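Take a look at the structure below.
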Amino acid sequence: MKRSTTRLDRFISQNSGFSMGEVRLLIAQRKILLDGIPAHCIRQPVTRFTRVVLDGIVLSDAQPVYLALHKPAGVVSATKDGKHPTVLDLVRHPRKHELHLAGRLDFNTTGLVLLTNDGAWSRRLSAPETKLPKVYEVSVTRPLSEEYVAAFRAGIYFAYEGMTTLPAQLEIRSARTCRLSLVEGKYHQVKRMFGHFGNKVLSLHRVSIGPVRLGELQAGTTRPLTRSELAQVAQR
């Protein structure tokens, strides 16, 4: 997972009164700490989340934030909205002003949403090659059948875009409820896939994104992602 980086000598010159040429001496004097470790090279990379201390003065101390949120219905997947509450309104975190969404849900769709201040991480989540499965619980108006299972597995053609959806796994739970796993997120994709059969989606609830599961998280609340979850996402 790549992040934008700056060379150490350039970073020091941009954030202090020292020139790039003076950084070698500062390194030799062990006056520069990167994440608590003395710097050893002028070319060392500094990212947005590198803690940089120069002679006891903190120049950079930004911390990455990764949150799971249980979005209720009637909340907008946005950071600002003039008419409705947003997911950011539900967040209680000192760095909430830095956060953005890593994947959205429709206004009345409920369930798991991820928020972060790490742009590289959120871009990786949405990259087609990452193929993180997103799992939904779905209820519909008309009875389901094995025809749905086969069609979702084969992919459904969307004429407007001239494309066929990637294979999806559909598990029928009852006559009108199912669990659906996708690895993509086209516009209103789930509703349109069921609409292929003339079947209206009554409720849609996302329970997981890759290794991150909603679990017992209460509606309208957040939790930080675990180290295990972050490591599994990084391995994709």
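Each chain in the structure tokens gets a letter, A, B and so on, in the order shown; residues start at 1 in every chain, and ligands are counted from 1 in the order they appear.
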
Close residues, range 37-40 of chain A itself excluded, 8 Å, only C-alpha atoms, min 6 positions apart in chain, as a list in words: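 Those residues are Ile27, Ala28, Arg30 and Lys31 of chain A.
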
Residue contacts of His84 in chain A (10 Å, only C-alpha atoms) excluding same-chain residues fewer than 6 positions away, as a PyMOL selection string: chain A and resi 74-76+78+107

Prev. selection, C-alpha atoms, output as a compact mmCIF listing (two decimals), in the first residue's frame:
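Saved file selection.txt follows:
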```txt
# COMPACT_ATOMS: atom_id res chain seq x y z
CA GLY A 74 -31.80 7.99 6.79
CA VAL A 75 -28.13 8.99 7.05
CA VAL A 76 -26.18 10.30 4.06
CA ALA A 78 -21.11 12.04 2.92
CA PHE A 107 -29.55 6.78 2.02
```

DSSP strand (DSSP E or B) residues within range 49-206 of chain A, as a VMD selection string: chain A and resid 52 to 54 57 to 60 66 to 71 76 86 100 to 101 110 to 116 134 to 140 157 to 158 163 to 164 169 to 174 177 to 182 201 to 206

Atom pair CA of Arg124 in chain A / CA of Leu101 in chain A: separation (Å):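 So the two atoms, CA of Arg124 in chain A and CA of Leu101 in chain A, lie 12.7 Å apart.
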
Pro211 in chain A surroundings by only C-alpha atoms, 9 Å radius, close-in-sequence under 4 positions cut, as a list in words: Leu132, Pro133, Ser228, Glu229, Leu230, Gln232 and Val233 of chain A

Restricting the output to N, CA and C atoms, write the selected residues as an mmCIF file, in the first residue's frame.
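File produced: selection_32.cif:
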```cif
data_model
loop_
_atom_site.group_PDB
_atom_site.id
_atom_site.type_symbol
_atom_site.label_atom_id
_atom_site.label_comp_id
_atom_site.auth_asym_id
_atom_site.auth_seq_id
_atom_site.Cartn_x
_atom_site.Cartn_y
_atom_site.Cartn_z
ATOM 1 N N LEU A 132 -12.110 -6.957 -2.700
ATOM 2 C CA LEU A 132 -12.603 -7.265 -1.360
ATOM 3 C C LEU A 132 -14.088 -7.616 -1.440
ATOM 4 N N PRO A 133 -14.491 -8.780 -0.952
ATOM 5 C CA PRO A 133 -15.921 -9.116 -0.997
ATOM 6 C C PRO A 133 -16.719 -8.254 -0.032
ATOM 7 N N SER A 228 -5.351 -6.929 13.155
ATOM 8 C CA SER A 228 -5.562 -8.093 12.293
ATOM 9 C C SER A 228 -6.338 -7.708 11.042
ATOM 10 N N GLU A 229 -7.387 -6.911 11.198
ATOM 11 C CA GLU A 229 -8.182 -6.478 10.042
ATOM 12 C C GLU A 229 -7.337 -5.659 9.080
ATOM 13 N N LEU A 230 -6.554 -4.728 9.620
ATOM 14 C CA LEU A 230 -5.706 -3.889 8.772
ATOM 15 C C LEU A 230 -4.651 -4.733 8.051
ATOM 16 N N GLN A 232 -4.892 -7.901 7.205
ATOM 17 C CA GLN A 232 -5.533 -8.695 6.158
ATOM 18 C C GLN A 232 -5.878 -7.873 4.936
ATOM 19 N N VAL A 233 -6.295 -6.623 5.135
ATOM 20 C CA VAL A 233 -6.567 -5.736 3.998
ATOM 21 C C VAL A 233 -5.278 -5.455 3.247
#
```

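Across A:Thr79, A:Gly162, A:Ser139, A:Leu54, the tightest approach to Gln29 in chain A is made by A:Leu54 when counting only C-alpha atoms.
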
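Closest approach to Thr86 in chain A among A:Pro64, A:Ser174, A:Val113, A:Leu144 is made by A:Val113 (distances from only C-alpha atoms).
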
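Proximity of A:Asp55, A:Asp118, A:Glu216, A:Glu161 to Phe18 in chain A, computed with only C-alpha atoms, is greatest for A:Asp55.
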
Between CA of Glu147 in chain A and CA of Arg179 in chain A, distance in Å (one decimal): 15.1 Å

Exercise: Leu59 in chain A partners within 9 Å, only C-alpha atoms, chain neighbours under 2 positions left out, as a list in words: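 After dropping sequence-adjacent residues, the list is Ile12, Asn15, Ser16, Arg51, Val52, Val53, Leu54, Ile57 and Asp61 of chain A.
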
Those of range 10-236 of chain A in DSSP helix (DSSP H, G or I), formatted as JSON, numbers by chain: {"A": [10, 11, 12, 13, 14, 15, 20, 21, 22, 23, 24, 25, 26, 27, 28, 87, 88, 89, 90, 96, 97, 98, 119, 120, 121, 122, 123, 124, 125, 126, 146, 147, 148, 149, 150, 151, 152, 153, 154, 189, 190, 191, 192, 193, 194, 195, 227, 228, 229, 230, 231, 232, 233, 234]}

Mind dumping a table of every range 130-154 of chain A residue within 6 Å of range 185-200 of chain A, with the nearest atom pair and its distance in Å to one decimal, using only C-alpha atoms, sorted by chain and rising number, as a Markdown table?
```
| residue | atom | partner | partner_atom | distance |
| --- | --- | --- | --- | --- |
| A:Val140 | CA | A:Lys200 | CA | 5.5 |
| A:Thr141 | CA | A:Lys200 | CA | 5.6 |
| A:Arg142 | CA | A:Asn199 | CA | 5.9 |
```

Using only C-alpha atoms: which of A:Val207, A:Ile32, A:Leu25, A:Ala120 has the shortest distance to Leu182 in chain A: A:Val207

Exercise: Leu69 in chain A partners within 7 Å, only C-alpha atoms, chain neighbours under 5 positions left out, as a ChimeraX atom specification: /A:112-114,220-223

Written file, previous selection with N, CA and C atoms, as an mmCIF file, in the first residue's frame:
```cif
data_model
loop_
_atom_site.group_PDB
_atom_site.id
_atom_site.type_symbol
_atom_site.label_atom_id
_atom_site.label_comp_id
_atom_site.auth_asym_id
_atom_site.auth_seq_id
_atom_site.Cartn_x
_atom_site.Cartn_y
_atom_site.Cartn_z
ATOM 1 N N LEU A 112 -22.355 -1.624 7.458
ATOM 2 C CA LEU A 112 -20.953 -1.276 7.623
ATOM 3 C C LEU A 112 -20.464 -0.226 6.625
ATOM 4 N N VAL A 113 -19.867 0.837 7.178
ATOM 5 C CA VAL A 113 -19.171 1.864 6.401
ATOM 6 C C VAL A 113 -17.794 2.045 7.032
ATOM 7 N N LEU A 114 -16.772 2.260 6.207
ATOM 8 C CA LEU A 114 -15.424 2.487 6.701
ATOM 9 C C LEU A 114 -15.031 3.939 6.489
ATOM 10 N N GLY A 220 -25.273 3.532 14.546
ATOM 11 C CA GLY A 220 -24.891 4.890 14.877
ATOM 12 C C GLY A 220 -23.603 5.006 15.653
ATOM 13 N N THR A 221 -22.898 3.883 15.880
ATOM 14 C CA THR A 221 -21.650 3.916 16.643
ATOM 15 C C THR A 221 -20.483 3.444 15.778
ATOM 16 N N THR A 222 -19.264 3.712 16.275
ATOM 17 C CA THR A 222 -18.053 3.348 15.549
ATOM 18 C C THR A 222 -17.127 2.526 16.440
ATOM 19 N N ARG A 223 -16.160 1.898 15.797
ATOM 20 C CA ARG A 223 -15.064 1.242 16.508
ATOM 21 C C ARG A 223 -13.823 1.321 15.632
#
```
